[in-house]
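This report refers to the structure that appears directly beneath it.
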Amino acid sequence: MIQSRNLSIESRLARRLAAALAVSVAGGAMSAALVAPAHAQESTASLRGRITGAEGISQVVAVEVNTGVRRTVAANAAGNYNFASLRPGTYRLEVTTADGIRTTEAFTLRVAQNAVLDFDLGPQAVGSADPAAEAPAGGGEILVVANRIRTMEGGEVGANISLRQIETLPQNNRNFLAFADLAPGVQFITGANGQSRLQGGAQDSRTVNVFIDGVGQKDYVLKNGITGQDSTQGNPFPQMAIGEYRVISSNYKAEFDQVSSVAITAVTRSGTNEFHGQGFIDYTDQSLRAATPLELYGDNPGKVETKDFQFGGALGGPIIKDMMHFFVTYEGKRQERPVEITPGLGLPVSFFPAEYQGEFGPTNSTFNEDLYFGKIDFVPSNSDLFEISAKYRDESGEFLSNGINARSTISSQDVEELRVTGRWEHTADNWINDFKVTYEDVKWAPTPVEFSNASLFAYAGPSPTNPQPGVIVRDNLLRIGGGGNYQNKGQKGWAIQNDFTWIGFEGHTIKAGVKSKWVELNTLQLNNFNPVYTYNVAHNPGGGTFNDTIPYRVQFGAQTGTGSPIVNSKNWQFGVYIQDDWEVTDRLTLNLGVRWDYEETPAFLDFVHPQDAVDAVSPENYPNLANANYDINDYISTGTEREPFMGAIQPRVGFTYELDDDGRFAVFGGYGRSYDRNQFDFLQQEISVGSYTTRTFNFITGDPNNTCDPSPTCVPWDPIYLTEEGRQQLLAGAGAGGGRELRFIDNDLKMPYSDQFSLGLRGRLTSNFDAEIGFSHIESRDGFAYLLGNRRPDGSFFEPAPAVPNSPWGFSPSGYGSIIIGTNGLETSADSAYLKLNKSYSVGSPWSLSATYTYTEAEENRKFGEYFSLDFPSLDDYPIVRSSGVRKHRLVMTGSVDLPIGMVLSGKFQIASPPYLNRLVSTGGPNPSRDVISNEANGNGDRWGFRQMDLAVTKYLSLPFITDDTRIWVRADVINLFNDRNYVDYNNDPSSPDYLSISGLGVGGNPPRTVKLSAGFEF
């Protein structure tokens, strides 16, 4: 049960706000002493430069071409100007001089771009891309300057993804994040079940964050980094609502919070002064794809019925011209994915009695998603911008994966997400203030479709296909009955954030920001709510060939403690930062910043361990811990030992040095520390597992391959145990402890973080062709993990020689399950060298190419994505091995080209080296040891590593009799053109002659060769 301390959140704030202000003041003093060029906010761009060749330059006006929105700044005596915050879009500049107004050609600013545009107003700069074009409003000659824009990215390593790439490149799922892997060190991974995730370096997806219009989408409860993306085929945001985005894989600025690997900053589309709309449909089914390996070579050959239908529309335009605009969009998804139910041990279906044979074979899982987004912007003056936007996401369906689980075990999907953002940006002569208020309400709740006893048919005995004397094989064969995935988790609350930018000091832009968030986190996890009875089908003492009447084990969830499995925590989060981008010389720019983050999680801080749990691990009742390698008292909470982590101070430094006067080539680099957070799903287990846990009871049945010593959790079989009444009898006989697991988390828990270093060279080879070569080093530390706290009577973890070392599972406190302790200690490192090429699309050069090659040496002290670490006494005992989640070589290429008769051809190609496989090895004898070995898999059959080639061809047909901008289009995407089978099942037994080779028919997230047909319209 949670007991609150007298110290409330508010009083904690009063006690610690002084520390927050001290960090802010110290950062402010640093910036004032330096005094930076314009820096883009997470969702905006910035533009600065110097104007020469004219007298009496007084002001510069940036005019957003599509909306008419105007922003004005003063120019100093040297002709320097600075727009610290502009929405990404197409602009022209109007320069007021003593001789009148001069106007530039239109140019484009990208999201998070720190752009530099120097130009000369002398006669040689005057020209026009279209001599017949009318002069823009405001008069003046047109200055051709667009190709002179330079970008000052500092130490960031990343990539920009344009609207053209999002709209033209082939993809299967309309997830706008699918092209984030163009950034060095970033992977966008889709599993065989259609669920996707984003990861960077050697860290998993928990550590990423996506900022949409400057607002983080962080998931504080679940594992996939951003809300709604855990265990779903859905998309985080409607693709038609995204204008463009930037991917930063390391060395982001101080304003980025709650992230330690990949940061995505995206900007949504807005309405313009003209009405524009579009609509689309995408469709594919089993007749438009090749067969999967399971469909070709499995027990039930033939294609499974498949359907993927996606559709949507968008509309935007003026409410009041030049002042107020709207944009709305909707995207829907209806999917049926093939699933194959196959027996374990590779047995034929005929092995099973007739009543179970129908459980096997092809079936499908269904998925439905509806995504809505709306936005209104209002510009009442040249100084103010108001925006309000909202996203709503609704998902449903029935989830099932390949394997032994029958269709009856299916779980329904239920995801709902609402996010609302209000924004006010005010621009003055020397400063800009950006204020945001946000609200979020997210729910993720998988639920069993069927509530009934489940039967798990297992095999323990001589091999049914190749029996050998003395050799016993074990495996699960089939599960039927009610499913076990019953959860309801989410987050809800408000936040305010304010970013203030000061541009009053020449050569500097000083930006400071603060964010405060009040969010309620909640979890409900009822594992094995449906009881699971396990039968050894090979044990048939009464005759027969398939035992399905006498189980040797039952597992079921039960409330055994005094608390509640529903855990809520009203969190408070606070962050403050200050940064200064300092143009030291015409060639050298420094990016200097620091941030500090703080979080209070009352469910963890105020938690009081139940007295019976404390007594269970006391020296009197459990002397095994007397000589253990840890002190259990460091993990026991009485409600006063725990304090919020105060050390999340994060310096971030970057630089850019231009090697030539034109700024075509530049050396860049940086260092930064970035703190993430401990997932609430980890922290709440201390409470929920103590109140609701999976209970295991073994039965004495005479089965020689499933034996147990008589005890309260090992009893003779009685058919009454198939009923709720019988299960209650088992619980009552288990004693006061109830056999429940004991969870303890370190009272001095830290926050996970990464240190990021980068160094490289950028070059603008032509006006639209860029190249970059660089190196990055990322170390992550203090990742959360659970360890096994049991110890043998002498306090040791392993048995002494010559026994084979094994974890002490059988040495739990009397009447209780195992001790599981949570602490910090997961570590990763990634050294990456990369080469990036980008040729941008333009009217005069209607083709584009992006290519990124990354070579990565990555290491970890625990298998990638795993946080239960139960094989060694501490995380320090785990060896550092090659990361199983990062491939050494990776090349991603995309491109598009305009073809005759209104056609566009585009493609994406990926190739990567095989994965590394980690395997725990224990040896006996006089010198026993336990270690983890890491080896690279042999590849994918007849070729090396992972490979996928996608193509798309689009035909546009203009309809000028309606409007000049009206057109319809048809498109065909060919996903996995070469029908590569990127297998994911490998033989991990070193004694096998097929070690590291393919061992099964399961493949990764790429589908077989699939044709997706699309059609749409635009006006």
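To be explicit about the labels: the chains of the structure tokens are called A, B, and onward in the order shown, and within each one the residues are counted from 1, while ligands get numbers from 1 in the order they are shown.
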
All residues 7 Å or closer to Arg48 (chain A), only C-alpha atoms, same chain fewer than 4 positions away omitted, as a VMD selection string: chain A and resid 38 81 to 83 115 to 117

Coordinates-based distance that separates CA of Gly225 (chain A) from CA of Leu400 (chain A) (Å, one decimal):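 So the two atoms, CA of Leu400 (chain A) and CA of Gly225 (chain A), lie 22.9 Å apart.
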
Point-to-point distance from CA of Glu340 (chain A) to CA of Leu288 (chain A), Å rounded to tenths: 19.0 Å

Pick from A:Pro915, A:Ala603, A:Ala202, A:Arg971 nearest to Phe864 (chain A), counting only C-alpha atoms: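 Under the stated criterion, the closest residue is A:Ala202.
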
Atomic separation - CA of Thr227 (chain A) relative to CA of Phe682 (chain A), Å: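 CA of Thr227 (chain A) lies at a distance of 16.3 Å from CA of Phe682 (chain A).
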
Hey, which bits of region 578-659 of chain A sit within 12 Å of region 757-762 of chain A, and for each residue what's the closest pair of atoms and how far apart in Å (one decimal), counting only C-alpha atoms, rows by chain and increasing number, as a tab-separated table?
residue	atom	partner	partner_atom	distance
A:Arg652	CA	A:Phe757	CA	10.0
A:Val653	CA	A:Phe757	CA	9.6
A:Gly654	CA	A:Ser758	CA	8.9
A:Phe655	CA	A:Leu759	CA	9.5
A:Thr656	CA	A:Leu761	CA	9.4
A:Tyr657	CA	A:Leu761	CA	9.5
A:Glu658	CA	A:Arg762	CA	9.2
A:Leu659	CA	A:Leu761	CA	9.8

Expected file contents, prior selection, N, CA and C atoms, as a PDB file, in the first residue's frame:
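Final output, saved to selection_29.pdb:
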ATOM      1  N   ARG A 652      25.805  21.059 -22.855  1.00  0.00           N
ATOM      2  CA  ARG A 652      25.779  20.709 -24.271  1.00  0.00           C
ATOM      3  C   ARG A 652      26.526  21.796 -25.046  1.00  0.00           C
ATOM      4  N   VAL A 653      27.547  21.368 -25.766  1.00  0.00           N
ATOM      5  CA  VAL A 653      28.446  22.298 -26.444  1.00  0.00           C
ATOM      6  C   VAL A 653      28.641  21.837 -27.876  1.00  0.00           C
ATOM      7  N   GLY A 654      28.573  22.769 -28.813  1.00  0.00           N
ATOM      8  CA  GLY A 654      28.831  22.463 -30.205  1.00  0.00           C
ATOM      9  C   GLY A 654      29.599  23.589 -30.871  1.00  0.00           C
ATOM     10  N   PHE A 655      30.191  23.282 -32.039  1.00  0.00           N
ATOM     11  CA  PHE A 655      30.889  24.333 -32.772  1.00  0.00           C
ATOM     12  C   PHE A 655      30.811  24.061 -34.262  1.00  0.00           C
ATOM     13  N   THR A 656      30.915  25.122 -35.037  1.00  0.00           N
ATOM     14  CA  THR A 656      31.053  25.038 -36.485  1.00  0.00           C
ATOM     15  C   THR A 656      32.134  26.018 -36.905  1.00  0.00           C
ATOM     16  N   TYR A 657      33.107  25.545 -37.677  1.00  0.00           N
ATOM     17  CA  TYR A 657      34.154  26.421 -38.189  1.00  0.00           C
ATOM     18  C   TYR A 657      34.181  26.302 -39.708  1.00  0.00           C
ATOM     19  N   GLU A 658      33.858  27.410 -40.392  1.00  0.00           N
ATOM     20  CA  GLU A 658      33.838  27.431 -41.854  1.00  0.00           C
ATOM     21  C   GLU A 658      35.259  27.573 -42.382  1.00  0.00           C
ATOM     22  N   LEU A 659      35.634  26.698 -43.307  1.00  0.00           N
ATOM     23  CA  LEU A 659      37.001  26.652 -43.804  1.00  0.00           C
ATOM     24  C   LEU A 659      37.275  27.643 -44.927  1.00  0.00           C
TER      25      LEU A 659
END

Who sits within 10 Å of Thr585 (chain A), only C-alpha atoms, same chain under 3 positions skipped, as a short mmCIF file (atom, residue, chain, number, x, y, z; two decimals) with C-alpha atoms, in the first residue's frame:
data_model
loop_
_atom_site.label_atom_id
_atom_site.label_comp_id
_atom_site.auth_asym_id
_atom_site.auth_seq_id
_atom_site.Cartn_x
_atom_site.Cartn_y
_atom_site.Cartn_z
CA GLY A 507 26.56 38.16 -32.54
CA TRP A 582 27.79 32.76 -30.25
CA LEU A 588 33.48 30.26 -35.99
CA THR A 589 30.19 29.69 -34.22
CA LEU A 590 29.90 28.19 -30.74
CA TYR A 657 34.15 26.42 -38.19
CA GLU A 658 33.84 27.43 -41.85
#

Best match for closeness to Glu641 (chain A) among A:Asp580, A:Asp980, A:Asp606, A:Glu859, counting only C-alpha atoms: A:Asp606

Of the listed residues A:Ser261, A:Thr103, A:Ser637, A:Thr693, that which approaches Glu779 (chain A) most closely, counting only C-alpha atoms: A:Ser261

Test item: residues at most 7 Å from Gly243 (chain A), only C-alpha atoms, excluding those fewer than 2 positions along its chain, as a list in words: Leu163, Ala241, Val267, Thr268 and Arg269 of chain A

For His276 (chain A): contacts at 7 Å, only C-alpha atoms, fewer than 4 positions along chain excluded, given as a list of chain:residue names: A:Leu315, A:Gly316, A:Gly317, A:Phe1019
